[in-house]
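What follows is the content of input.csv, which has CSV, C-alpha atoms:
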```
chain,number,residue,atom,x,y,z
A,120,PRO,CA,0.0,0.0,0.0
A,121,ASP,CA,1.0,3.6,-0.6
A,122,GLU,CA,1.0,4.3,3.1
A,123,ASP,CA,3.5,1.4,3.8
A,124,GLN,CA,5.8,2.7,1.0
A,125,ALA,CA,5.8,6.1,2.6
A,126,VAL,CA,6.6,4.7,6.0
A,127,ILE,CA,9.6,2.9,4.5
A,128,PHE,CA,10.9,6.0,2.8
A,129,ARG,CA,10.6,8.0,6.0
A,130,VAL,CA,13.1,5.7,7.8
A,131,LEU,CA,15.6,5.3,5.0
A,132,PRO,CA,18.7,7.5,5.0
A,133,ARG,CA,18.3,10.4,2.5
A,134,LYS,CA,20.8,9.2,0.0
A,135,VAL,CA,19.4,5.6,0.0
A,136,ALA,CA,15.8,7.0,-0.3
A,137,SER,CA,16.9,9.2,-3.2
A,138,ASP,CA,18.7,6.3,-5.1
A,139,THR,CA,15.7,4.0,-4.5
A,140,PHE,CA,13.3,6.7,-5.7
A,141,ALA,CA,15.2,7.1,-9.0
A,142,TYR,CA,14.6,3.4,-9.8
A,143,LEU,CA,10.9,3.4,-9.2
A,144,ASP,CA,8.3,3.6,-12.0
A,145,ILE,CA,6.4,6.7,-12.7
A,146,ASP,CA,3.2,5.6,-11.0
A,147,MET,CA,5.0,4.9,-7.8
A,148,HIS,CA,6.6,8.3,-8.0
A,149,GLU,CA,3.2,9.9,-8.2
A,150,ASN,CA,1.9,7.9,-5.2
A,151,LEU,CA,5.0,8.6,-3.0
A,152,LEU,CA,5.0,12.3,-3.8
A,153,LYS,CA,1.4,12.6,-2.5
A,154,ALA,CA,2.0,10.3,0.5
A,155,LEU,CA,5.1,12.0,1.8
A,156,GLY,CA,5.2,15.5,3.3
A,157,GLN,CA,6.8,18.4,1.4
A,158,ASN,CA,9.9,18.4,3.6
A,159,GLN,CA,10.5,14.7,3.0
A,160,VAL,CA,9.9,15.1,-0.7
A,161,ALA,CA,12.4,18.0,-0.8
A,162,ALA,CA,14.9,15.9,1.1
A,163,ILE,CA,14.7,13.1,-1.4
A,164,LEU,CA,14.8,15.5,-4.4
A,165,ASN,CA,17.8,17.4,-2.9
A,166,GLU,CA,19.9,14.2,-3.0
A,167,MET,CA,19.2,13.7,-6.7
A,168,MET,CA,21.6,15.0,-9.3
A,169,PRO,CA,20.4,18.5,-10.3
A,170,ASP,CA,19.9,17.6,-14.0
A,171,ASP,CA,18.0,14.4,-13.1
A,172,ARG,CA,15.8,16.3,-10.6
A,173,THR,CA,15.0,19.1,-13.1
A,174,ALA,CA,14.1,16.6,-15.8
A,175,PHE,CA,12.0,14.5,-13.5
A,176,LEU,CA,10.0,17.5,-12.2
A,177,GLU,CA,9.6,19.1,-15.6
A,178,GLU,CA,8.0,15.9,-17.0
A,179,LEU,CA,5.5,15.3,-14.1
A,180,PRO,CA,2.7,17.7,-15.0
A,181,ALA,CA,2.4,16.4,-18.6
A,182,GLN,CA,2.6,12.8,-17.4
A,183,PHE,CA,-0.3,13.3,-14.9
A,184,PRO,CA,-2.5,16.0,-16.5
A,185,GLU,CA,-5.6,15.0,-14.5
A,186,ASP,CA,-3.9,14.7,-11.1
A,187,GLU,CA,-5.0,18.0,-9.4
A,188,GLU,CA,-3.5,17.0,-6.0
A,189,LEU,CA,-0.1,16.3,-7.5
A,190,TRP,CA,-0.1,19.6,-9.4
A,191,LYS,CA,-0.8,21.4,-6.1
A,192,LEU,CA,2.2,19.7,-4.6
A,193,LEU,CA,4.4,20.8,-7.5
A,194,VAL,CA,3.2,24.4,-7.3
A,195,ALA,CA,4.1,24.5,-3.6
A,196,ASN,CA,7.5,22.8,-4.1
A,197,PRO,CA,10.4,25.4,-4.4
A,198,LEU,CA,12.4,22.9,-6.5
A,199,THR,CA,9.8,22.7,-9.3
A,200,PRO,CA,11.5,24.2,-12.4
A,201,LEU,CA,10.1,27.2,-14.3
A,202,PRO,CA,9.1,25.2,-17.5
A,203,ALA,CA,6.8,23.0,-15.3
A,204,MET,CA,5.3,26.0,-13.6
A,205,ILE,CA,4.6,27.6,-17.0
A,206,TYR,CA,3.0,24.4,-18.3
A,207,MET,CA,0.7,24.2,-15.3
A,208,ALA,CA,-0.2,27.9,-15.4
A,209,GLU,CA,-1.5,27.6,-18.9
A,210,ARG,CA,-3.6,24.4,-18.2
A,211,ALA,CA,-4.3,24.4,-14.4
A,212,PRO,CA,-7.9,23.8,-13.2
A,213,ALA,CA,-9.4,26.7,-11.2
A,214,SER,CA,-8.1,25.5,-7.8
A,215,VAL,CA,-4.5,25.2,-8.9
A,216,ALA,CA,-4.6,28.5,-10.8
A,217,ALA,CA,-5.9,30.1,-7.6
A,218,GLN,CA,-2.9,28.6,-5.7
A,219,LEU,CA,-0.5,30.0,-8.3
A,220,LEU,CA,-2.1,33.4,-8.0
A,221,GLU,CA,-1.8,33.3,-4.2
A,222,ASP,CA,2.0,33.5,-4.6
A,223,ARG,CA,2.0,37.0,-6.1
A,224,VAL,CA,5.7,37.5,-5.2
A,225,PHE,CA,6.6,34.5,-7.3
A,226,LEU,CA,4.5,35.9,-10.2
A,227,PHE,CA,6.2,39.3,-9.7
A,228,HIS,CA,9.6,37.7,-10.1
A,229,ASN,CA,8.6,35.3,-12.9
A,230,PRO,CA,6.2,37.3,-15.1
A,231,VAL,CA,6.5,34.6,-17.8
A,232,VAL,CA,4.3,32.5,-15.4
A,233,GLY,CA,1.8,35.4,-15.2
A,234,HIS,CA,1.6,35.5,-19.0
A,235,ALA,CA,1.0,31.8,-19.0
A,236,LEU,CA,-1.8,32.2,-16.5
A,237,LEU,CA,-3.5,34.7,-18.8
A,238,LYS,CA,-3.8,32.0,-21.4
A,239,ASN,CA,-5.6,29.8,-19.0
A,240,PRO,CA,-9.4,29.6,-19.8
A,241,SER,CA,-10.2,28.7,-16.2
A,242,LEU,CA,-9.0,32.0,-14.8
A,243,SER,CA,-11.9,34.3,-13.6
A,244,ALA,CA,-12.2,37.9,-14.8
A,245,ALA,CA,-11.2,39.2,-11.4
A,246,ASP,CA,-8.1,37.0,-11.2
A,247,ARG,CA,-7.2,38.0,-14.7
A,248,ARG,CA,-7.2,41.6,-13.6
A,249,ARG,CA,-5.0,40.7,-10.6
A,250,VAL,CA,-2.5,39.0,-12.9
A,251,GLN,CA,-2.5,42.0,-15.2
A,252,TRP,CA,-1.8,44.4,-12.3
A,253,ILE,CA,1.2,42.3,-11.2
A,254,LEU,CA,2.6,42.2,-14.8
A,255,HIS,CA,2.2,45.9,-15.1
A,256,GLU,CA,4.2,46.4,-11.9
A,257,THR,CA,7.0,44.4,-13.3
A,258,THR,CA,7.6,46.9,-16.1
A,259,LYS,CA,8.3,49.8,-13.7
A,260,GLU,CA,11.7,51.2,-12.8
A,261,GLU,CA,13.7,49.4,-10.1
A,262,PRO,CA,12.9,51.7,-7.2
A,263,GLU,CA,9.2,51.3,-7.9
A,264,ARG,CA,9.5,47.6,-8.4
A,265,LYS,CA,11.1,47.3,-4.9
A,266,LYS,CA,8.2,49.3,-3.4
A,267,THR,CA,5.8,46.9,-5.0
A,268,LEU,CA,7.7,43.9,-3.7
A,269,VAL,CA,7.6,45.3,-0.1
A,270,GLN,CA,3.9,45.9,-0.5
A,271,LEU,CA,3.2,42.3,-1.8
A,272,ILE,CA,5.2,40.8,1.1
A,273,ARG,CA,3.5,43.0,3.7
A,274,GLU,CA,0.1,41.6,2.6
A,275,MET,CA,1.2,38.0,3.0
A,276,ASN,CA,0.2,35.9,6.0
A,277,THR,CA,2.7,34.1,8.2
A,278,GLY,CA,2.5,30.8,6.2
A,279,GLN,CA,3.0,32.5,2.9
A,280,LYS,CA,6.0,34.4,4.3
A,281,LEU,CA,7.6,31.2,5.6
A,282,ALA,CA,7.2,29.6,2.2
A,283,LEU,CA,8.7,32.6,0.5
A,284,ALA,CA,11.6,32.6,2.8
A,285,LYS,CA,12.5,29.1,1.4
A,286,LYS,CA,11.8,29.6,-2.3
A,287,GLY,CA,12.0,33.4,-2.8
A,288,ASN,CA,14.9,35.3,-4.4
A,289,ARG,CA,17.6,37.5,-2.8
A,290,ASP,CA,15.4,40.6,-2.8
A,291,ALA,CA,12.6,38.8,-1.0
A,292,ARG,CA,15.0,37.3,1.5
A,293,MET,CA,16.5,40.7,2.4
A,294,ILE,CA,13.0,42.0,3.1
A,295,LEU,CA,11.9,39.0,5.1
A,296,ILE,CA,15.1,38.9,7.2
A,297,LYS,CA,13.9,42.0,8.9
A,298,ASP,CA,10.4,40.7,9.6
A,299,PRO,CA,9.2,41.4,13.2
A,300,ASN,CA,8.3,37.7,13.4
A,301,ASP,CA,11.6,36.0,14.4
A,302,MET,CA,10.3,32.7,13.0
A,303,ILE,CA,10.1,34.2,9.5
A,304,ALA,CA,13.6,35.8,9.8
A,305,LEU,CA,15.1,32.5,11.0
A,306,GLU,CA,13.5,30.6,8.1
A,307,VAL,CA,15.5,32.9,5.8
A,308,VAL,CA,18.8,32.0,7.4
A,309,THR,CA,18.1,28.3,6.9
A,310,SER,CA,16.9,28.7,3.3
A,311,PRO,CA,18.7,26.3,0.9
A,312,ARG,CA,19.0,29.1,-1.6
A,313,ILE,CA,20.7,31.7,0.6
A,314,SER,CA,24.3,32.4,-0.4
A,315,ASP,CA,27.3,33.1,1.8
A,316,ASP,CA,27.5,36.7,0.4
A,317,GLU,CA,23.9,37.3,1.6
A,318,ILE,CA,24.8,35.9,5.1
A,319,ILE,CA,27.8,38.2,5.3
A,320,ASN,CA,25.5,41.1,4.5
A,321,VAL,CA,22.9,40.0,7.1
A,322,ALA,CA,25.7,39.4,9.7
A,323,GLN,CA,26.6,43.1,9.4
A,324,MET,CA,23.0,44.4,9.8
A,325,ARG,CA,22.2,46.2,13.1
A,326,ASP,CA,18.5,46.4,12.6
A,327,ILE,CA,17.7,42.7,12.8
A,328,SER,CA,16.9,40.3,15.7
A,329,ASP,CA,19.9,39.1,17.7
A,330,LYS,CA,18.2,35.7,17.4
A,331,VAL,CA,19.1,35.8,13.6
A,332,LEU,CA,22.8,36.5,14.4
A,333,ARG,CA,22.8,33.7,17.0
A,334,ALA,CA,21.3,31.3,14.4
A,335,ILE,CA,24.0,32.3,11.8
A,336,ALA,CA,26.7,31.6,14.4
A,337,ASN,CA,25.3,28.2,15.1
A,338,ILE,CA,25.4,27.0,11.5
A,339,ARG,CA,28.7,25.2,10.7
A,340,ARG,CA,28.8,26.3,7.1
A,341,PHE,CA,28.7,29.9,8.1
A,342,ARG,CA,31.1,29.6,11.0
A,343,ALA,CA,33.7,28.2,8.6
A,344,ASN,CA,33.5,31.4,6.6
A,345,LYS,CA,36.0,34.0,8.1
A,346,LEU,CA,34.1,36.9,6.5
A,347,VAL,CA,30.9,35.8,8.2
A,348,VAL,CA,32.7,35.4,11.6
A,349,ASN,CA,34.4,38.8,11.3
A,350,SER,CA,31.1,40.4,10.4
A,351,LEU,CA,29.4,38.9,13.4
A,352,LEU,CA,32.3,40.0,15.7
A,353,HIS,CA,32.1,43.6,14.5
A,354,ASN,CA,28.3,43.8,14.8
A,355,PRO,CA,27.4,45.4,18.2
A,356,LYS,CA,24.1,43.6,18.0
A,357,THR,CA,25.7,40.1,18.2
A,358,PRO,CA,25.3,38.8,21.8
A,359,VAL,CA,28.5,38.7,23.8
A,360,GLY,CA,28.3,35.0,24.4
A,361,VAL,CA,28.0,34.3,20.7
A,362,SER,CA,31.0,36.5,19.8
A,363,LEU,CA,33.2,34.9,22.5
A,364,GLY,CA,32.2,31.5,21.2
A,365,LEU,CA,33.3,32.2,17.6
A,366,GLY,CA,36.9,31.2,18.2
A,367,LEU,CA,39.0,34.4,18.6
A,368,THR,CA,42.1,32.3,18.8
A,369,ASN,CA,41.6,31.4,15.1
A,370,LEU,CA,41.8,35.1,14.0
A,371,SER,CA,45.0,36.6,12.6
A,372,ASP,CA,46.9,39.3,14.6
A,373,ARG,CA,45.6,41.9,12.2
A,374,GLU,CA,42.0,40.8,12.7
A,375,LEU,CA,42.4,40.8,16.5
A,376,GLN,CA,43.9,44.3,16.4
A,377,SER,CA,41.0,45.5,14.4
A,378,LEU,CA,38.6,44.0,16.8
A,379,ALA,CA,40.4,45.4,19.8
A,380,ARG,CA,40.2,48.9,18.4
A,381,ASP,CA,36.5,48.7,17.5
A,382,ARG,CA,34.7,51.0,20.0
A,383,ASN,CA,31.2,49.9,18.8
A,384,ILE,CA,31.3,46.4,20.1
A,385,PRO,CA,30.8,45.2,23.7
A,386,ALA,CA,33.9,45.9,25.9
A,387,ALA,CA,34.1,42.2,26.8
A,388,VAL,CA,34.7,41.3,23.2
A,389,SER,CA,37.4,43.9,22.6
A,390,ARG,CA,39.2,43.0,25.8
A,391,ALA,CA,39.2,39.3,24.8
A,392,ALA,CA,40.7,40.4,21.4
A,393,LYS,CA,43.6,42.2,23.3
A,394,GLN,CA,44.5,39.1,25.4
```

Now, as a test, write the supplied structure out as structure tokens.
Amino acid sequence: PDEDQAVIFRVLPRKVASDTFAYLDIDMHENLLKALGQNQVAAILNEMMPDDRTAFLEELPAQFPEDEELWKLLVANPLTPLPAMIYMAERAPASVAAQLLEDRVFLFHNPVVGHALLKNPSLSAADRRRVQWILHETTKEEPERKKTLVQLIREMNTGQKLALAKKGNRDARMILIKDPNDMIALEVVTSPRISDDEIINVAQMRDISDKVLRAIANIRRFRANKLVVNSLLHNPKTPVGVSLGLGLTNLSDRELQSLARDRNIPAAVSRAAKQ
């Protein structure tokens, strides 16, 4: 039964689950994608070779054109490639089209999907006007585009913001990282799409929650980046305990001297740099 297959996949190591998944037939793929949760599906897909994953996801909508539930899962999955989103936007039944339209930030960043939605006969007149407004906003100059993006994100509920934190682009992440809800800002830090350059930028910010800075310091990948570590150490918003736990002994003499001279950071950190 599908439920038993899903249970087996939940207990398999990710790599084993991914390798096994690749050998299953297409009908079993469909059943498992619907039986497993989004996080489990994402874990399996993340272990696949990127080209294989893209090819697999691109083919699914055409292989199962009547499976509305599967299409909804694909629309919600941040790994679904753009060609598959365009294919579904043009042909989606009303419920799936409505789900696509809910993610107005995605349409704002990918107007080609909005144009595909306008070709969909199931789209209502009201929804058609909403898509046209978004497409019009994408044609504006960059400062106006950013204002529109801020407005669209502000109108989202918590669940939508959490989803955007995972699958949005850099512009969206840099807005969400300053969200007053720490849960949303923390989701940005753990996004699989966030780059080290973005984290360096965030680590220098003085207008974000100290919980975000603490989370960055607790992620091994970022602690291994000296630019991230130095950004955290020179940020007066970083909690003292976090700064002292970043390994001052691993810094060069020049970095320690710079830290010791920094009058903006807590005295305990500058004193530790002098010792």

- Task: Fewer than 2 positions away in the same chain doesn't count, so skip those; otherwise give me all residues within 12 Å of Lys356 (chain A), counting all atoms listed in the file, as an MDAnalysis selection string.
- Result: chainID A and resid 321:333 350:354 358:362 383:385

- Please provide as a list in words all residues within 9 Å of region 238-251 of chain A, with the sequence filter that same-chain residues fewer than 2 positions apart are discarded (counting only C-alpha atoms).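 Surrounding residues, per the criterion: Ala208, Glu209, Arg210, Ala211, Pro212, Ala213, Ala216, Ala217, Leu220, Arg223, Leu226, Gly233, His234, Ala235, Leu236, Ile253, Leu254, His255 and Glu256 of chain A.
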
- Message: Please compute the CA of Ser214 (chain A)-CA of Val269 (chain A) distance, one decimal, in Å.
- Response: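 Computing it gives 26.4 Å between the two atoms.
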
- Work out how far apart CA of Phe183 (chain A) and CA of Ala282 (chain A) are and give it in Å to one decimal.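 CA of Ala282 (chain A) lies at a distance of 24.8 Å from CA of Phe183 (chain A).
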
- Message: Which residues are close to Ser377 (chain A), i.e. within 10 Å by only C-alpha atoms, leaving aside same-chain residues fewer than 6 positions away? Reply as a PyMOL selection string.
- Response: chain A and resi 349+353+371+389+392-393

- Message: Using Å and a single decimal, report how far CA of Asp186 (chain A) sits from CA of Pro169 (chain A).
- Response: 24.6 Å

- Query: Counting all atoms listed in the file, which of A:Gln218, A:Leu346, A:Ala284, A:Arg340 gets nearest to Asp298 (chain A)?
  - Reply: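 Using all atoms listed in the file, Asp298 (chain A) sits closest to A:Ala284.
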
- Would you please work out which residue, of A:Leu305, A:Leu363, A:Ala379, A:Met275, is nearest to Gln394 (chain A) when using all atoms listed in the file?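 Ranking A:Leu305, A:Leu363, A:Ala379, A:Met275 by distance to Gln394 (chain A), first place goes to A:Ala379.
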
- Choose the residue, out of A:Leu367, A:Leu283, A:Ala386, A:Leu179, that has the smallest atom-to-atom separation from Ser310 (chain A); count all atoms listed in the file. A:Leu283

Considering all atoms listed in the file, tabulate each residue of region 276-335 of chain A that lies at most 10 Å from region 195-198 of chain A along with its nearest interatomic pair and the corresponding distance in Å to one decimal; arrange the rows by chain and ascending residue number and present them as CSV.
```
residue,atom,partner,partner_atom,distance
A:Ala282,CA,A:Ala195,CA,8.3
A:Leu283,CA,A:Pro197,CA,8.9
A:Lys285,CA,A:Pro197,CA,7.2
A:Lys286,CA,A:Pro197,CA,4.9
A:Gly287,CA,A:Pro197,CA,8.3
A:Pro311,CA,A:Pro197,CA,9.9
A:Arg312,CA,A:Pro197,CA,9.8
```

- Query: Looking at all atoms listed in the file, which of A:Met302, A:Ala391, A:Val224, A:Ile335 is the one that sits closest to Asp290 (chain A)?
  - Reply: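 With all atoms listed in the file as the atom set, the closest residue is A:Val224.
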